[in-house]
Every structure is written in structure tokens, then in C-alpha cells.
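Quick look at final28.cif (mmCIF, C-alpha atoms and all ligand atoms):
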```
data_model
loop_
_atom_site.label_atom_id
_atom_site.label_comp_id
_atom_site.auth_asym_id
_atom_site.auth_seq_id
_atom_site.Cartn_x
_atom_site.Cartn_y
_atom_site.Cartn_z
CA MET C 1 -57.81 -3.76 14.82
CA LYS C 2 -54.98 -5.61 16.57
CA ILE C 3 -53.11 -2.32 17.11
CA LYS C 4 -56.25 -0.72 18.56
CA VAL C 5 -56.73 -3.60 21.00
CA LEU C 6 -53.08 -3.41 22.06
CA LEU C 7 -53.42 0.33 22.66
CA VAL C 8 -56.49 -0.20 24.81
CA ILE C 9 -54.63 -2.84 26.83
CA ALA C 10 -51.61 -0.56 27.27
CA LEU C 11 -53.81 2.25 28.58
CA PHE C 12 -55.44 -0.06 31.11
CA THR C 13 -52.17 -1.50 32.26
CA TYR C 14 -50.19 1.63 32.75
CA GLY C 15 -53.04 3.99 33.58
CA CYS C 16 -51.85 6.57 31.03
CA ALA C 17 -54.27 8.75 29.11
CA ASN C 18 -53.98 9.41 25.41
CA LYS C 19 -55.40 12.88 25.40
CA SER C 20 -54.66 13.58 21.76
CA SER C 21 -56.73 10.69 20.39
CA LYS C 22 -60.25 11.27 19.09
CA PRO C 23 -63.01 10.32 21.53
CA GLU C 24 -64.00 6.69 21.13
CA PRO C 25 -67.64 5.98 20.35
CA LYS C 26 -69.65 5.39 23.53
CA SER C 27 -70.19 1.76 24.60
CA ASP C 28 -73.77 0.55 24.97
CA TRP C 29 -72.58 -1.51 27.90
CA ALA C 30 -69.29 -2.27 29.60
CA ILE C 31 -68.15 -4.48 32.44
CA ALA C 32 -64.96 -5.04 34.43
CA LEU C 33 -64.31 -7.40 37.30
CA HIS C 34 -61.48 -8.31 39.66
CA GLY C 35 -60.53 -11.18 41.92
CA GLY C 36 -58.01 -9.31 44.05
CA ALA C 37 -54.67 -7.54 43.64
CA GLY C 38 -51.39 -8.11 45.43
CA ASN C 39 -47.95 -9.61 45.20
CA ILE C 40 -49.15 -11.92 42.45
CA LEU C 41 -46.10 -13.13 40.52
CA PRO C 42 -45.90 -15.62 37.62
CA GLU C 43 -43.33 -17.77 39.47
CA ASP C 44 -45.82 -18.39 42.30
CA TYR C 45 -48.48 -19.93 40.03
CA THR C 46 -48.27 -23.12 37.98
CA GLN C 47 -49.76 -23.01 34.50
CA GLU C 48 -52.59 -25.17 35.79
CA GLN C 49 -53.36 -22.66 38.55
CA GLN C 50 -53.23 -19.74 36.12
CA ASP C 51 -55.62 -21.60 33.82
CA ALA C 52 -58.01 -22.24 36.70
CA TYR C 53 -58.11 -18.54 37.64
CA THR C 54 -58.47 -17.50 34.01
CA HIS C 55 -61.31 -19.96 33.55
CA GLU C 56 -63.23 -18.70 36.59
CA LEU C 57 -62.72 -15.05 35.65
CA GLY C 58 -63.98 -15.90 32.17
CA CYS C 59 -67.09 -17.64 33.52
CA ALA C 60 -67.86 -14.65 35.75
CA LEU C 61 -67.37 -12.27 32.81
CA GLU C 62 -69.79 -14.27 30.65
CA ILE C 63 -72.49 -13.99 33.35
CA GLY C 64 -72.17 -10.19 33.34
CA LYS C 65 -71.91 -9.92 29.55
CA LYS C 66 -75.09 -11.94 29.05
CA ILE C 67 -77.11 -9.82 31.50
CA LEU C 68 -75.90 -6.55 29.96
CA SER C 69 -76.17 -7.55 26.31
CA ASP C 70 -79.72 -8.84 26.94
CA GLY C 71 -80.61 -5.36 28.24
CA GLY C 72 -80.43 -6.24 31.97
CA THR C 73 -79.42 -3.75 34.62
CA SER C 74 -75.88 -2.99 35.74
CA LEU C 75 -77.03 -3.76 39.32
CA ASP C 76 -78.08 -7.28 38.37
CA ALA C 77 -74.86 -7.76 36.41
CA VAL C 78 -72.53 -6.74 39.26
CA GLU C 79 -74.51 -8.70 41.87
CA HIS C 80 -74.55 -11.91 39.85
CA VAL C 81 -70.92 -11.69 38.83
CA VAL C 82 -69.85 -11.15 42.44
CA ARG C 83 -72.14 -13.98 43.63
CA TYR C 84 -70.39 -16.31 41.19
CA LEU C 85 -66.98 -15.24 42.47
CA GLU C 86 -68.17 -15.60 46.09
CA ASP C 87 -69.10 -19.22 45.38
CA CYS C 88 -65.70 -19.95 43.85
CA PRO C 89 -63.14 -21.15 46.45
CA LEU C 90 -60.23 -19.60 44.53
CA PHE C 91 -61.07 -16.06 45.61
CA ASN C 92 -61.09 -14.35 48.99
CA ALA C 93 -64.83 -13.76 49.27
CA GLY C 94 -67.78 -15.97 50.23
CA LYS C 95 -66.67 -19.62 50.11
CA GLY C 96 -62.96 -18.78 49.79
CA ALA C 97 -62.89 -16.10 52.51
CA VAL C 98 -59.67 -15.85 54.51
CA PHE C 99 -59.44 -16.48 58.25
CA THR C 100 -59.19 -13.98 61.06
CA HIS C 101 -56.53 -14.22 63.76
CA ASP C 102 -58.98 -16.35 65.78
CA GLY C 103 -59.56 -18.78 62.93
CA LYS C 104 -63.00 -17.41 62.04
CA ASN C 105 -64.38 -15.86 58.85
CA GLU C 106 -65.82 -12.35 58.89
CA LEU C 107 -67.11 -11.16 55.55
CA ASP C 108 -67.72 -7.65 54.20
CA ALA C 109 -69.60 -6.59 51.05
CA ALA C 110 -71.18 -3.54 49.43
CA ILE C 111 -73.20 -2.68 46.37
CA MET C 112 -73.98 0.75 44.94
CA ASP C 113 -76.42 1.98 42.34
CA GLY C 114 -75.10 4.99 40.42
CA ASN C 115 -78.69 5.93 39.65
CA GLY C 116 -79.71 7.95 42.72
CA LEU C 117 -76.64 7.02 44.81
CA ARG C 118 -78.42 4.16 46.54
CA ALA C 119 -76.20 1.79 48.48
CA GLY C 120 -76.23 -1.26 50.73
CA ALA C 121 -73.45 -2.86 52.76
CA VAL C 122 -72.76 -5.53 55.36
CA ALA C 123 -69.69 -6.10 57.51
CA GLY C 124 -68.36 -8.74 59.88
CA VAL C 125 -70.92 -11.36 58.86
CA ARG C 126 -70.11 -14.98 59.66
CA ASP C 127 -72.94 -17.09 58.31
CA ILE C 128 -74.26 -15.50 55.13
CA LYS C 129 -73.41 -17.52 52.04
CA ASN C 130 -73.56 -14.58 49.64
CA PRO C 131 -72.92 -11.30 51.46
CA ILE C 132 -73.26 -9.32 48.22
CA SER C 133 -76.91 -10.30 47.88
CA THR C 134 -77.57 -9.31 51.49
CA ALA C 135 -75.93 -5.96 50.76
CA ARG C 136 -78.40 -5.62 47.90
CA LEU C 137 -81.27 -6.52 50.25
CA VAL C 138 -80.09 -3.85 52.69
CA MET C 139 -80.23 -1.36 49.80
CA ASP C 140 -83.54 -2.52 48.33
CA LYS C 141 -85.51 -3.75 51.34
CA SER C 142 -84.39 -1.75 54.36
CA GLU C 143 -84.24 1.89 55.34
CA HIS C 144 -80.54 1.53 56.01
CA VAL C 145 -77.28 1.55 54.11
CA PHE C 146 -74.92 -0.40 56.37
CA MET C 147 -75.61 -3.34 58.72
CA VAL C 148 -73.04 -5.31 60.69
CA GLY C 149 -72.56 -8.66 62.44
CA LYS C 150 -75.49 -10.37 64.06
CA GLY C 151 -77.99 -7.70 63.03
CA ALA C 152 -77.01 -8.12 59.39
CA SER C 153 -77.39 -11.91 59.69
CA LEU C 154 -80.81 -11.62 61.33
CA PHE C 155 -81.91 -9.24 58.60
CA ALA C 156 -80.56 -11.62 55.92
CA LYS C 157 -82.47 -14.51 57.48
CA SER C 158 -85.68 -12.48 57.64
CA GLN C 159 -85.34 -11.79 53.92
CA GLY C 160 -84.82 -15.45 53.04
CA ALA C 161 -81.09 -15.23 52.30
CA GLU C 162 -79.12 -18.46 52.52
CA ILE C 163 -77.47 -18.95 55.92
CA VAL C 164 -74.62 -21.44 56.27
CA ASP C 165 -72.67 -23.10 59.05
CA SER C 166 -69.26 -21.55 59.68
CA THR C 167 -67.59 -24.74 58.36
CA TYR C 168 -68.85 -23.81 54.88
CA PHE C 169 -66.08 -21.19 54.64
CA TYR C 170 -63.25 -23.63 55.36
CA THR C 171 -60.74 -24.03 52.54
CA GLU C 172 -57.30 -25.52 52.99
CA LYS C 173 -55.77 -22.62 51.07
CA SER C 174 -57.13 -19.97 53.44
CA TRP C 175 -56.33 -22.04 56.53
CA LYS C 176 -52.71 -22.52 55.45
CA SER C 177 -52.45 -18.84 54.65
CA LEU C 178 -53.51 -18.03 58.24
CA GLN C 179 -50.92 -20.45 59.63
CA ARG C 180 -48.20 -18.74 57.58
CA ALA C 181 -49.38 -15.31 58.72
CA LEU C 182 -49.49 -16.45 62.37
CA ASP C 183 -45.89 -17.63 62.04
CA LYS C 184 -44.89 -14.15 60.90
CA GLU C 185 -47.56 -12.41 63.04
CA SER C 186 -48.34 -10.06 60.23
CA VAL C 187 -51.16 -9.11 57.91
CA LYS C 188 -48.71 -7.51 55.50
CA ASP C 189 -46.61 -8.79 52.61
CA LYS C 190 -49.01 -11.31 51.29
CA LYS C 191 -51.27 -11.78 48.35
CA MET C 192 -54.53 -9.95 48.84
CA GLY C 193 -57.96 -11.03 47.76
CA THR C 194 -61.46 -9.61 47.36
CA VAL C 195 -63.73 -9.76 44.36
CA GLY C 196 -65.54 -6.94 42.62
CA CYS C 197 -67.42 -5.88 39.54
CA VAL C 198 -68.41 -2.58 37.91
CA ALA C 199 -70.79 -2.15 35.00
CA LEU C 200 -72.55 0.29 32.69
CA ASP C 201 -75.86 -0.88 31.25
CA LYS C 202 -77.73 0.07 28.09
CA SER C 203 -79.85 2.59 30.05
CA GLY C 204 -76.70 4.46 31.08
CA ASN C 205 -76.80 3.31 34.70
CA LEU C 206 -73.58 2.51 36.54
CA ALA C 207 -73.21 0.04 39.42
CA ALA C 208 -70.41 -1.33 41.60
CA ALA C 209 -70.21 -4.37 43.87
CA THR C 210 -67.38 -5.66 46.06
CA SER C 211 -67.13 -8.62 48.45
CA THR C 212 -64.30 -9.90 50.63
CA GLY C 213 -63.15 -12.03 53.51
CA GLY C 214 -60.85 -9.12 54.40
CA MET C 215 -57.20 -9.71 55.26
CA THR C 216 -55.74 -12.93 56.63
CA ASN C 217 -54.97 -12.71 60.36
CA LYS C 218 -57.10 -9.59 60.83
CA ARG C 219 -58.30 -8.98 64.37
CA TYR C 220 -61.83 -9.82 65.53
CA GLY C 221 -64.14 -7.02 64.42
CA ARG C 222 -61.78 -5.41 61.94
CA VAL C 223 -63.67 -3.95 58.98
CA GLY C 224 -61.88 -3.09 55.75
CA ASP C 225 -62.58 -0.66 52.93
CA VAL C 226 -64.90 -2.89 50.91
CA PRO C 227 -68.22 -2.11 52.68
CA ILE C 228 -67.35 1.54 53.25
CA ILE C 229 -69.06 3.53 50.54
CA GLY C 230 -66.53 5.77 48.82
CA SER C 231 -63.56 3.69 49.95
CA GLY C 232 -63.76 0.21 48.39
CA THR C 233 -67.03 0.66 46.52
CA TYR C 234 -68.67 3.63 44.79
CA ALA C 235 -70.98 4.36 41.86
CA ASN C 236 -72.37 7.63 40.55
CA ASN C 237 -74.11 7.94 37.18
CA ASN C 238 -72.53 11.38 36.71
CA THR C 239 -68.99 10.05 36.97
CA CYS C 240 -68.04 6.39 37.34
CA ALA C 241 -68.37 3.10 39.21
CA VAL C 242 -65.35 1.80 41.15
CA SER C 243 -64.51 -1.42 43.01
CA ALA C 244 -61.22 -1.65 44.87
CA THR C 245 -58.92 -4.32 46.24
CA GLY C 246 -55.87 -3.92 48.40
CA HIS C 247 -54.69 -2.96 51.85
CA GLY C 248 -58.02 -1.71 53.20
CA GLU C 249 -56.71 0.62 55.89
CA PHE C 250 -55.11 2.78 53.17
CA PHE C 251 -58.17 2.63 50.93
CA ILE C 252 -60.31 3.84 53.83
CA ARG C 253 -58.03 6.73 54.76
CA TYR C 254 -57.63 7.83 51.15
CA THR C 255 -61.36 7.28 50.28
CA VAL C 256 -60.05 5.82 47.07
CA SER C 257 -63.23 5.12 45.11
CA HIS C 258 -64.83 8.48 45.81
CA ASP C 259 -61.55 10.26 45.18
CA ILE C 260 -61.48 8.87 41.64
CA SER C 261 -65.07 9.99 41.11
CA ALA C 262 -64.32 13.44 42.59
CA LEU C 263 -61.37 13.99 40.24
CA ILE C 264 -63.73 13.38 37.33
CA GLU C 265 -66.55 15.48 38.79
CA TYR C 266 -64.62 18.49 40.05
CA LYS C 267 -61.45 18.48 37.97
CA GLY C 268 -62.72 17.04 34.72
CA LEU C 269 -60.09 14.31 34.59
CA SER C 270 -60.63 11.30 32.37
CA LEU C 271 -61.36 8.03 34.18
CA VAL C 272 -57.95 6.61 33.33
CA ASP C 273 -56.14 9.75 34.51
CA ALA C 274 -58.17 9.88 37.73
CA ALA C 275 -57.48 6.22 38.52
CA HIS C 276 -53.79 6.67 37.75
CA GLN C 277 -53.55 9.75 39.97
CA VAL C 278 -55.14 8.00 42.95
CA VAL C 279 -53.65 4.50 42.65
CA ASN C 280 -50.24 5.08 41.10
CA VAL C 281 -49.45 8.49 42.56
CA LYS C 282 -51.29 9.14 45.84
CA LEU C 283 -51.61 5.60 47.18
CA GLU C 284 -48.22 4.51 45.90
CA LYS C 285 -46.59 7.44 47.71
CA ALA C 286 -48.42 6.54 50.92
CA GLY C 287 -47.39 2.89 50.68
CA GLY C 288 -50.95 1.65 50.05
CA LYS C 289 -50.86 -1.41 47.85
CA GLY C 290 -53.72 -2.53 45.65
CA GLY C 291 -55.77 -1.78 42.60
CA ILE C 292 -59.14 -0.73 41.27
CA ILE C 293 -61.46 -1.47 38.40
CA ALA C 294 -63.70 1.31 37.14
CA VAL C 295 -66.06 2.19 34.33
CA ASP C 296 -67.38 5.65 33.47
CA LYS C 297 -70.68 6.80 32.03
CA HIS C 298 -69.25 6.56 28.48
CA GLY C 299 -68.13 2.97 28.95
CA ASN C 300 -64.43 3.82 29.28
CA MET C 301 -62.72 1.43 31.68
CA ALA C 302 -59.65 1.54 33.92
CA LEU C 303 -58.03 -1.50 35.55
CA THR C 304 -55.24 0.14 37.49
CA MET C 305 -52.89 -1.37 40.08
CA ASN C 306 -49.68 -0.58 41.93
CA THR C 307 -49.02 -4.25 42.65
CA PRO C 308 -47.38 -6.92 40.46
CA GLY C 309 -50.75 -8.44 39.66
CA MET C 310 -54.51 -8.26 39.85
CA PHE C 311 -56.91 -10.98 38.75
CA ARG C 312 -59.07 -9.09 36.29
CA ALA C 313 -61.24 -9.14 33.20
CA PHE C 314 -63.27 -6.73 31.13
CA ALA C 315 -65.57 -6.62 28.12
CA SER C 316 -67.77 -4.10 26.32
CA SER C 317 -70.35 -3.88 23.57
CA LYS C 318 -67.57 -2.47 21.34
CA GLY C 319 -65.95 -5.90 21.30
CA GLU C 320 -63.16 -5.18 23.78
CA GLN C 321 -62.41 -8.21 25.94
CA LYS C 322 -59.48 -9.39 28.04
CA ILE C 323 -58.67 -11.60 31.01
CA ALA C 324 -55.35 -11.03 32.79
CA ILE C 325 -53.52 -11.81 36.03
CA PHE C 326 -50.08 -10.21 36.00
CA LYS C 327 -49.09 -6.61 35.37
CA GLU C 328 -48.06 -6.17 31.75
N1 LIG R 401 -59.45 -4.56 50.67
C1 LIG R 401 -59.68 -5.77 51.41
C2 LIG R 401 -59.68 -5.43 52.87
O1 LIG R 401 -58.83 -4.68 53.31
C3 LIG R 401 -58.70 -6.84 51.16
C4 LIG R 401 -58.29 -7.05 49.75
O2 LIG R 401 -58.76 -6.43 48.83
O3 LIG R 401 -57.44 -7.92 49.54
O4 LIG R 401 -60.48 -5.96 53.59
#
```
Take the structure in the file and give it back as C-alpha cells.
Ligand code: ASP
Amino acid sequence: MKIKVLLVIALFTYGCANKSSKPEPKSDWAIALHGGAGNILPEDYTQEQQDAYTHELGCALEIGKKILSDGGTSLDAVEHVVRYLEDCPLFNAGKGAVFTHDGKNELDAAIMDGNGLRAGAVAGVRDIKNPISTARLVMDKSEHVFMVGKGASLFAKSQGAEIVDSTYFYTEKSWKSLQRALDKESVKDKKMGTVGCVALDKSGNLAAATSTGGMTNKRYGRVGDVPIIGSGTYANNNTCAVSATGHGEFFIRYTVSHDISALIEYKGLSLVDAAHQVVNVKLEKAGGKGGIIAVDKHGNMALTMNTPGMFRAFASSKGEQKIAIFKE
């Protein structure tokens, strides 16, 4: 058992496929989540900080596990997990969102239902407490897929979503991070954020959700990959569900999430091989730093990164479970 678990962990970490092994039995349900990838190194985090992140990732995982094991939908699981992470100040989404160059917060989020390719997204919102739930409202209650700025906020308000004052998003951590970035006048070379979740439910439906404050010191109006369907977020019941984190401009240009799905759909690659090809080969070569979490229709999962770390966790009905921060 221990050897099997270690093998599973090794596959996730290095993104290598073991083509010769017998197919694993299908999972009834599976879930993976992330709290951002980047230059996350053990020496930069005290044990206390690592424990705090591990604790929050664990709490988020339990929310998703409970929904899925009780027979709930993957859509509900990914929305509620991401909502929890949005409310946690440790992560760059919702409450913990980073600051723009002008000292404001502009949040992006998207959700996708692999059943019927339905999707909803918001970008550049400044007063919505939980952008992921507004993305879901856009999907469920509007005729649209993508709403931005003021229009998205007005829509959220009309649907009863919680609106907050801009001071809600202040955290010392994000403010200091902006000051450091302003000193260097750069959005590069820093830890990245974003939260996301992908899930397969007992009915065989896949879903993905991602939410972010974007990148520290980004310019007014900059939108990253997260709300762009096929870049930072994608789900298709025929292939997989993907949520990304990293340098958004690269993830947009390389349509990372859809590319992984397309490699499965058109080339027949396994999920782990497809994720490896896109993140560790294509993106790495281009200089695009980040990672993805993904689950396929069989419940196979990939948590693949080309950075030293990614806050992440996964679990399945087969008893697999792990929470990790650094690359192993
Ligand atoms: N991908 C996000 C963006 O570019 C940032 C991140 O994941 O850290 O907005």
C-alpha cells in the first residue's frame, strides 16, 4: 500500500506516465485543489507558516471531499472549495487578493461545467466578496459567459451576491508585496498566487473553478488567464478539468488548460502525459512559470508544476490523499 501511494505521488510530482502499469480502477469521485504556484522555497517559510498553509488546504479539501462523497455535484464542490480559499487571507484570491500598481484590487474568476461545456467568468471586479460565486451566477443565471468590471458588479448585486467595501481586501502581506514590487518596478520574479479546484463527481461530471487577485503590481485593467476559458480554467466531460496558476500572460498565449484537454482528445495522451507536455515541455521552453491541477473522467489526477512549489492537495474515493507545498 505504502509503495503504491509513493508511486502515485511520484507520478504527480514529476508528471511522468507509467504506461506499462495496468489501468487503475476508476474513482467514484476525485478532487484536487491549489493555492498558487511560484518560487515557493522551504527557506522562505517558517514551520508555523507551512503548518498554517497545510491546515487551510486541508480544510478546503475536506469541504470538497464531503460534498463529493455525499453524492453532491463537482460544480458545487469546486465552487465551495474556492469560496473557502477566497475567504482565507493566506491566498491571492478574494480576501487575500494582491494589489495593482495603483494600490487597488481587481479580481478575476471562472467556473466551468464539463457537462455541456457551460461556463461563467468575471474579470476586474473590485467589490465582490466571492468572485467565484458570481462567475457561477453568470453561468447559471445569465445568457452570457464573461462579464467584467462594473457590469459584473451590478449583475452580482442584482443576484444578491455579497458586495464589500474595497478596504475588505486589505491585507498587510499583499500591501507589503506591492511595495517590494514597486521598488523593483516588476511583476516578475515573485511568488504567484491564485486558488483553484477541479473535481469529478459520482455522476461522472467534471468541473473546474479558479479565482485570483492576479499579479502584484499589474496595471489597471490587466486581465490574466484565470477567467479566460481554455487558458486558466477548462472542463470537458470527454477529457478533463483543469485549473491553472502562474504567469498569466503565458497561460493565455499557450491556452494551457485547453491544450491539455486537446492532447487527450485528439492525440489520446494520458492526463499526466498531457499535463507534462504542456507545463514541463512547452511552457518551460517558453519561459512561462506556473502549474496546473487536473482530473480526468476516470478520476486520474495530475498536479504538475515547473516552479519550485505549488500549494496543493488532492483526494479520491480510492483513498488517495495528500497535501503538499514544495516540489518533491
Ligand atoms: N495566473 C494568475 C494571473 O496571471 C496569477 C497566478 O496564478 O499567480 O492572473
Exercise for review: Can you tell me which residues come within 8 Å of ligand LIG 401 (chain R) when counting all atoms listed in the file, ideally as JSON, numbers by chain?
Suggested key: {"C": [36, 37, 38, 92, 108, 191, 192, 193, 194, 195, 212, 213, 214, 215, 223, 224, 225, 226, 232, 244, 245, 246, 247, 248, 249, 251, 290]}
Practice item. Could you pull out every residue with an atom within 12 Å of (-73.8, -4.3, 32.3), file coordinates, counting all atoms listed in the file, and send them as a PyMOL selection string? Key: chain C and resi 27-33+61-81+197-208+241+295-297+299+314-317
List as an mmCIF file with C-alpha atoms, in the coordinates of the input the protein and nucleic acid residues near Lys95 in chain C, meaning an atom at most 12 Å away when all atoms listed in the file are counted, but skip any in the same chain fewer than 5 places from it.
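That gives us part30.cif:
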```cif
data_model
loop_
_atom_site.group_PDB
_atom_site.id
_atom_site.type_symbol
_atom_site.label_atom_id
_atom_site.label_comp_id
_atom_site.auth_asym_id
_atom_site.auth_seq_id
_atom_site.Cartn_x
_atom_site.Cartn_y
_atom_site.Cartn_z
ATOM 1 C CA VAL C 82 -69.850 -11.150 42.440
ATOM 2 C CA ARG C 83 -72.140 -13.980 43.630
ATOM 3 C CA TYR C 84 -70.390 -16.310 41.190
ATOM 4 C CA LEU C 85 -66.980 -15.240 42.470
ATOM 5 C CA GLU C 86 -68.170 -15.600 46.090
ATOM 6 C CA ASP C 87 -69.100 -19.220 45.380
ATOM 7 C CA CYS C 88 -65.700 -19.950 43.850
ATOM 8 C CA PRO C 89 -63.140 -21.150 46.450
ATOM 9 C CA LEU C 90 -60.230 -19.600 44.530
ATOM 10 C CA ASN C 105 -64.380 -15.860 58.850
ATOM 11 C CA GLU C 106 -65.820 -12.350 58.890
ATOM 12 C CA LEU C 107 -67.110 -11.160 55.550
ATOM 13 C CA ARG C 126 -70.110 -14.980 59.660
ATOM 14 C CA ASP C 127 -72.940 -17.090 58.310
ATOM 15 C CA ILE C 128 -74.260 -15.500 55.130
ATOM 16 C CA LYS C 129 -73.410 -17.520 52.040
ATOM 17 C CA ASN C 130 -73.560 -14.580 49.640
ATOM 18 C CA PRO C 131 -72.920 -11.300 51.460
ATOM 19 C CA VAL C 164 -74.620 -21.440 56.270
ATOM 20 C CA ASP C 165 -72.670 -23.100 59.050
ATOM 21 C CA SER C 166 -69.260 -21.550 59.680
ATOM 22 C CA THR C 167 -67.590 -24.740 58.360
ATOM 23 C CA TYR C 168 -68.850 -23.810 54.880
ATOM 24 C CA PHE C 169 -66.080 -21.190 54.640
ATOM 25 C CA TYR C 170 -63.250 -23.630 55.360
ATOM 26 C CA THR C 171 -60.740 -24.030 52.540
ATOM 27 C CA GLU C 172 -57.300 -25.520 52.990
ATOM 28 C CA LYS C 173 -55.770 -22.620 51.070
ATOM 29 C CA SER C 174 -57.130 -19.970 53.440
ATOM 30 C CA THR C 194 -61.460 -9.610 47.360
ATOM 31 C CA VAL C 195 -63.730 -9.760 44.360
ATOM 32 C CA SER C 211 -67.130 -8.620 48.450
ATOM 33 C CA THR C 212 -64.300 -9.900 50.630
ATOM 34 C CA GLY C 213 -63.150 -12.030 53.510
#
```
Practice item. May I have the residues within 6 Å of Ala110 in chain C as a PyMOL selection string, using all atoms listed in the file and disregarding those fewer than 5 positions away in the same chain? Key: chain C and resi 120-121+135+209-210+227
Exercise for review: Would you list the contacts of range 49-53 of chain C as a list in words, taking every protein, DNA or RNA residue within 12 Å and counting only C-alpha atoms, but skipping same-chain residues closer than 5 positions in sequence?
Suggested key: His34, Gly35, Gly36, Ile40, Leu41, Pro42, Glu43, Asp44, Gly58, Cys59, Ala60, Leu85, Cys88, Pro89, Leu90, Phe91, Met310, Phe311, Arg312, Ala313, Ile323, Ala324, Ile325 and Phe326 of chain C
So for range 174-183 of chain C, what box centre and size do we get, axis-aligned, 4 Å extra on each of the six sides, every listed atom, Å to one decimal, as AutoDock Vina command-line options?
```
--center_x -51.5 --center_y -18.9 --center_z 57.9 --size_x 19.2 --size_y 15.2 --size_z 16.9
```
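Ranking C:Ser158, C:Leu117, C:Thr100, C:Gln277 by their shortest atom-to-atom distance to Val145 in chain C, with all atoms listed in the file included, puts C:Leu117 first.
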**Study point:** Nearest-residue call for Asp140 in chain C, choices C:Val256, C:Ile163, C:Ala286, C:Met112, using all atoms listed in the file
**Key:** C:Met112
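Distances here use all atoms listed in the file; by that measure, the residue among C:Asn217, C:Gly291, C:Glu284, C:Ile264 closest to Asp183 in chain C is C:Asn217.
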Study note, to complete from the structure: Residue with the minimum atom-to-atom distance to Val125 in chain C, picked from C:Gly160, C:Glu56, C:Ser243, C:Tyr220 with all atoms listed in the file counted, is C:Tyr220
